[in-house]
Every structure is written in C-alpha cells, then in structure tokens.
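Visitor: Once you've had a glance at the structure underneath, I'll fire off some questions.
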Amino acid sequence: MKTIMNNAWSIVLVLALVFIVACESLDNPFLEDLPSEGIQNAAPETHLFLTFAPDHIDTVLSDTSADTTFIYNRHIADTTTSHQVMYWWGEDSDGEVVAYHYRWNFQDDWTRTSAESDTFFLPLQIAYDEFLFEVKAEDNEGALDASPATLRIPVANSHPVIEFSNNSNPSAGSNPNVTHVTFPTRTFSWSVSDIDGFETINQIRYRLDSTGTWIYADGDVSSKTLTDIPPGYHTFYVQAIATAGAYSNLLQFPDSTDLSSPNGWRVEEPAGDVLLIDDYKLDNGSTHQFYTDILDSLVGPSNYSVYEIGYDEKALPTATTDQVAMFGYFKTVIWYHFSEAPSLSNADGALRTYLETGGNVFVSSIFIDMNYTFTSIDSNFVINPSGRMIGGLDINMVDLSVTDSIAYIPSLSLNTSSLIARRVSAYYPANLIDGELSRDLFQLQDPRTANDAWTGHPPIAQLFQPASGSGQSIFFSLPLHACDGNDNMIPVMEYLLFEVFD
C-alpha cells in the first residue's frame, strides 16, 4: 500500500514539472512586449476652426441614427468674405505642442508660427473662388502631424462701399434746393470700406459730369482736386472697384436724393484782380453796397469778383487747397466782417500761404485773434468799454515814407461817420521774427472825452509783410464802412490797393 502511494506522488510530481515547463513556453497575456529600441515619440494631432458672420450662415444638415432622425443647423457658410480669421490648436499625448505650420493652396511654402490664430486676406481675383487652408502641429520632439487639419473656404467677392468724407461737402440746411457756388477749383474727398478688407480695393474711378470720360486712380486714393473746371453747372462722380471687379455704389455731388446737401453746384469764372469777400451775415445790404461802390469806382463794374460767406451752402470751402486756389486767382483779397464770429480763423492758413506767394489782403474786422498768422498782432484791448463810440473820431493815416518819426497824411485820414454800437479794439503788435516787417498804418486821435478810454494814439490798423518780396496784409480793427465821415473813402482805398500794395 505504501509502495502504491509513493508511486502516485511520483506521477504527480512528474506531471507538475511537465506543466511548469509547458507554461514557461507560452506568452504572458498580461504583459506587453517591450520594444527593443525604447518608446517611439507619438506625433501630435491638429484641430482647426473658423467663425462666420451670421449673415453668411445658411446650411441645414440631417443625420439619421437608428429609428430617430435629428435635424440641426450646422455653422458652415455657403460663401464668406476674403477677410478671414483662422483659429487652430494641437494636442500631444506624450509631450507638448510647441509650434504650428500652415499654408494656403496658393502658397508653396509652409509658415511656422507659435500663434494659434491669425488674420488673412485671401487674394480673390474672380467673383467666386475656393481656398484651402492647412495647418499641422509640431511637438517638442520636432514631430509633425502627418495629417494636417484642413478647411476649404468658399469666398464670394463683396461690393465695396464709398461715401464722401464728413464735412467735405457743404450742408443744405433746411432746404436742399439751393446751389453751391465755387470758382474753377474744387476738391472732393471720400472714404471706402469693404468687408473683404481695404486691401481688396484695386481702383478708384471718377469723372466730371455724366458725359465725361472715367479717370482711373489707385485704390488708396481718397481725394481729387479738380482744376480749370468750365463755368456752369456740374456733377462729380466717383466709384471704387475691388480686385475681383466688384463695383461700389456710384457716389455723386450734387445728389438730388440727398436732402442734407445742395441740389446744385455752379462754377463761376474769376473776374478781375480783386476778390471781395462778404463775411457780414446780418448785413441789410448797405455794407455790401459800400464796398461794391468803392470797387465799381476803382476797377469798374464786373471787373472784380464777389464771394458771399454765409450759412450752409455759402460756407467757406473746407479744403485748404480750394481756399488757396480761390485766393490765388486774384492779386488782392478784400475781406470785411462786422457782427457774429468771422470765418477768418477757418482761412488763416490759406491766407498766410497766399501772402507768402505774393497776394495782398485787406481785412476789416472788429474781432482780433492772436492766433492769426496773416498778421503780426499779438493781442488787443477794448477802446470803448461802454460798447458805444460816437461819430466824429479822427483816424489818422500814417505816412509810410517817414521812417524816423510818426507823421500823418491829412488828406487820407478817416473819420467815424456814425455811432459804432459795439466794442472795438486797438492792438498790441507781436515781436517780429526774422524777415517779417510791420508798421502801424492808422492811429486814433487823442481822447476827446472821458468816454474815450485810451491814452495816446493807439493803432487800429497794421501793415504786415511776412517776408521781403512777399505780399502784404492790412488789418483794420474798426468797421471800415462806419469810417467815411470825411467822404474820402475812394481815394483812401485807391492809395492802399494801388500804392501800398504795389
């Protein structure tokens, strides 16, 4: 019995040994084989998305799963613009994404960047085109995504929009049925916008009148100064053209559908060598007649030009170019103002340029601005604080031929012919800079009564020349039309215009 048991245990041991040997030759299902050369770096994954303007989204997709049908909106544009903002990001399972490489289908080379978005202006050359964008991530081991993220973008060309620059055209006020009058130079300025991006504006075209020939300019041109415009009524047209050939709206001045601007534009031919600028808006006509009577006598009727500055369509040209051109048609500008604020400050730069190029300016205005550059007046002081100056005041003409003292020309002295019921001023001259010349031209008489709140002989007119050989300006700080008590205004103005300004 004992022998049998021993034999049984021997058999069990043999079978166990055989089983262990057999198991050692089998693969362990719970262990992965280790690579013979270490762990391989995994390439990163790249993702891409694009946002669309709401008015460019119009796609409905359906998806059927089992017995249920799902209908949903998916934000994919039918068409979009050539101005695109792209976004992307990457993921790396065994490291980190350090850069990206992208390109468009019209590019051969990839662009490397660390950014995760950028703005692009697609070179649309036709009315409709499709552009493919690819981007692939790069990880810290230098591995690139082998399958770049891609997006195909359908682009339809958008029409640009053009409009005149603010305040570049006069206002019509409450009545558009008025006519804007200019001399033969006129500047038009505009701005253009395009949702495809300003870079897509390829050309600007413009013309004078509907029968004119289109003139083409570069897309970044934003103004045009027309010169030598024939007298008569005209219309200016301008239009923008995008790279793919889309035209903007046709912009025009005047425009009968625009109730905010004048419905007419007329060009007048300059007449004579003198321009009379009427800047007295509340005049009853008598002051205007005062100046035209003088010029009728000195140069003859119709041998000078008149420009009335008023409200809205009668405002001074806004472009300095047009102001300089307007003055430049003439040898002398006579500008008068009395009540309300003058328009002189709006023309100061143009008047200074006009002087420097040889023009002459005579100004009668009770308003003195120390910032005027066409005079060398520093500041002013009121000589009738009560706001009243009775008539009969002598205003002495300085004899410019006397340089070592102050002498007057009695025959050319003026006299206040009526009550001046406004505060008026004398002036303090500014320090001259190199090349500037200045002389007092008219001075007040001694004070008559306590109501004459001045001492000595304060100057009320200055002769100024910005440089040797340039033109000259005369600034008269009293209303000239109220200074004809000696009935000698015509010889006085003849002397100023044709001898002092000679």
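By order in the structure tokens, chains are A, B, ...; within a chain, residues start at 1; ligands start at 1, following the order shown.
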Can you tell me, as a list in words, what residues are no more than 10 Å from Phe374 in chain A when counting only C-alpha atoms, ignoring any on the same chain fewer than 5 positions away?

Guide: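 Non-adjacent residues within range: Leu344, Ala347, Asp348, Gly349, Ala350, Leu351, Arg352, Thr353, Tyr354, Leu355, Glu356, Val361, Phe464, Gln465, Pro466, Gln472, Ser473, Ile474 and Phe475 of chain A.
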
Visitor: Please identify all polymer residues within 12 Å of Ala242 in chain A, counting only C-alpha atoms, omitting same-chain residues fewer than 3 positions from it, and present them as a PyMOL selection string.

Guide: chain A and resi 82+123-127+157-162+192-205+218-220+239+245-249

Visitor: May I ask which of the residues A:Pro317, A:Gly264, A:Pro342, A:Pro154 is the closest one to Tyr233 in chain A, counting only C-alpha atoms?

Guide: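 For Tyr233 in chain A, the nearest of the given residues is A:Gly264.
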
Visitor: Among range 53-297 of chain A, which ones does DSSP place in strand (DSSP E or B), written as a count of residues only?

Guide: 115

Visitor: Mind checking DSSP for range 143-307 of chain A and telling me the alpha helix (DSSP H) residues as a list in words?

Guide: Ser286, Thr287, His288, Gln289, Phe290, Tyr291, Thr292, Asp293, Ile294, Leu295, Asp296, Ser297 and Leu298 of chain A

Visitor: Can you tell me which residues surround Val333 in chain A at a distance of at most 7 Å, considering only C-alpha atoms, apart from same-chain residues fewer than 2 positions away, and format the answer as a ChimeraX atom specification?

Guide: /A:274-276,327,335,360-362

Visitor: Kindly save the residues from that selection, with C-alpha atoms included, as a PDB file, in the first residue's frame.

Guide:
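Contents of again-v4.pdb, as written:
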ATOM      1  CA  VAL A 274      -9.775 141.778 -56.799  1.00  0.00           C
ATOM      2  CA  LEU A 275     -11.851 139.333 -54.730  1.00  0.00           C
ATOM      3  CA  LEU A 276     -14.366 140.887 -52.332  1.00  0.00           C
ATOM      4  CA  PHE A 327      -7.409 133.458 -53.331  1.00  0.00           C
ATOM      5  CA  TRP A 335     -12.450 140.757 -46.583  1.00  0.00           C
ATOM      6  CA  ASN A 360      -2.317 141.069 -50.757  1.00  0.00           C
ATOM      7  CA  VAL A 361      -5.072 141.062 -48.134  1.00  0.00           C
ATOM      8  CA  PHE A 362      -7.150 143.896 -46.672  1.00  0.00           C
TER       9      PHE A 362
END

Visitor: Near Asp139 in chain A, within 6 Å and counting only C-alpha atoms, which residues show up once chain neighbours fewer than 5 positions away are dropped, as a ChimeraX atom specification?

Guide: /A:96-98

Visitor: Give me, as a ChimeraX atom specification, all polymer residues having an atom no more than 12 Å from Phe498 in chain A, counting only C-alpha atoms and skipping those fewer than 6 positions away in the same chain.

Guide: /A:273-274,298-299,331-332,360,490-492

Visitor: Those selected residues, please, written with N, CA and C atoms and delivered as an mmCIF file, in the first residue's frame.

Guide:
data_model
loop_
_atom_site.group_PDB
_atom_site.id
_atom_site.type_symbol
_atom_site.label_atom_id
_atom_site.label_comp_id
_atom_site.auth_asym_id
_atom_site.auth_seq_id
_atom_site.Cartn_x
_atom_site.Cartn_y
_atom_site.Cartn_z
ATOM 1 N N ASP A 273 -8.937 141.332 -60.857
ATOM 2 C CA ASP A 273 -7.804 141.027 -59.987
ATOM 3 C C ASP A 273 -8.144 141.150 -58.505
ATOM 4 N N VAL A 274 -9.394 141.557 -58.191
ATOM 5 C CA VAL A 274 -9.775 141.778 -56.799
ATOM 6 C C VAL A 274 -10.924 140.842 -56.434
ATOM 7 N N LEU A 298 -13.163 152.139 -58.563
ATOM 8 C CA LEU A 298 -11.720 151.939 -58.733
ATOM 9 C C LEU A 298 -11.368 151.010 -59.889
ATOM 10 N N VAL A 299 -12.124 149.947 -60.102
ATOM 11 C CA VAL A 299 -11.752 148.971 -61.140
ATOM 12 C C VAL A 299 -12.844 148.773 -62.172
ATOM 13 N N LYS A 331 -5.090 139.160 -57.342
ATOM 14 C CA LYS A 331 -3.930 139.838 -56.776
ATOM 15 C C LYS A 331 -4.211 140.377 -55.375
ATOM 16 N N THR A 332 -5.481 140.700 -55.117
ATOM 17 C CA THR A 332 -5.844 141.303 -53.832
ATOM 18 C C THR A 332 -7.154 140.706 -53.339
ATOM 19 N N ASN A 360 -2.085 140.005 -51.730
ATOM 20 C CA ASN A 360 -2.317 141.069 -50.757
ATOM 21 C C ASN A 360 -3.707 140.923 -50.153
ATOM 22 N N ILE A 490 -12.926 156.542 -51.234
ATOM 23 C CA ILE A 490 -12.397 156.059 -52.516
ATOM 24 C C ILE A 490 -10.921 156.411 -52.688
ATOM 25 N N PRO A 491 -10.471 157.668 -52.449
ATOM 26 C CA PRO A 491 -9.021 157.925 -52.556
ATOM 27 C C PRO A 491 -8.210 157.161 -51.506
ATOM 28 N N VAL A 492 -8.766 156.943 -50.307
ATOM 29 C CA VAL A 492 -8.031 156.167 -49.297
ATOM 30 C C VAL A 492 -7.819 154.739 -49.779
#

Visitor: Kindly assemble as a tab-separated table a list of the range 321-393 of chain A residues that lie within 10 Å of range 403-419 of chain A, each paired with its nearest atom pair and their distance in Å to one decimal, using only C-alpha atoms, sorted first by chain and then by ascending residue number.

Guide:
residue	atom	partner	partner_atom	distance
A:Arg388	CA	A:Leu419	CA	6.9
A:Met389	CA	A:Leu419	CA	5.7
A:Ile390	CA	A:Leu419	CA	4.5
A:Gly391	CA	A:Ser418	CA	4.6
A:Gly392	CA	A:Thr416	CA	5.1
A:Leu393	CA	A:Thr416	CA	5.2

Visitor: With C-alpha atoms retained, write the just-selected residues as a CSV table (one decimal), in the first residue's frame.

Guide:
chain,number,residue,atom,x,y,z
A,388,ARG,CA,-20.5,152.8,-27.8
A,389,MET,CA,-18.3,155.1,-29.9
A,390,ILE,CA,-19.8,158.3,-31.1
A,391,GLY,CA,-19.1,159.7,-34.5
A,392,GLY,CA,-16.6,162.3,-35.4
A,393,LEU,CA,-13.5,160.4,-34.3
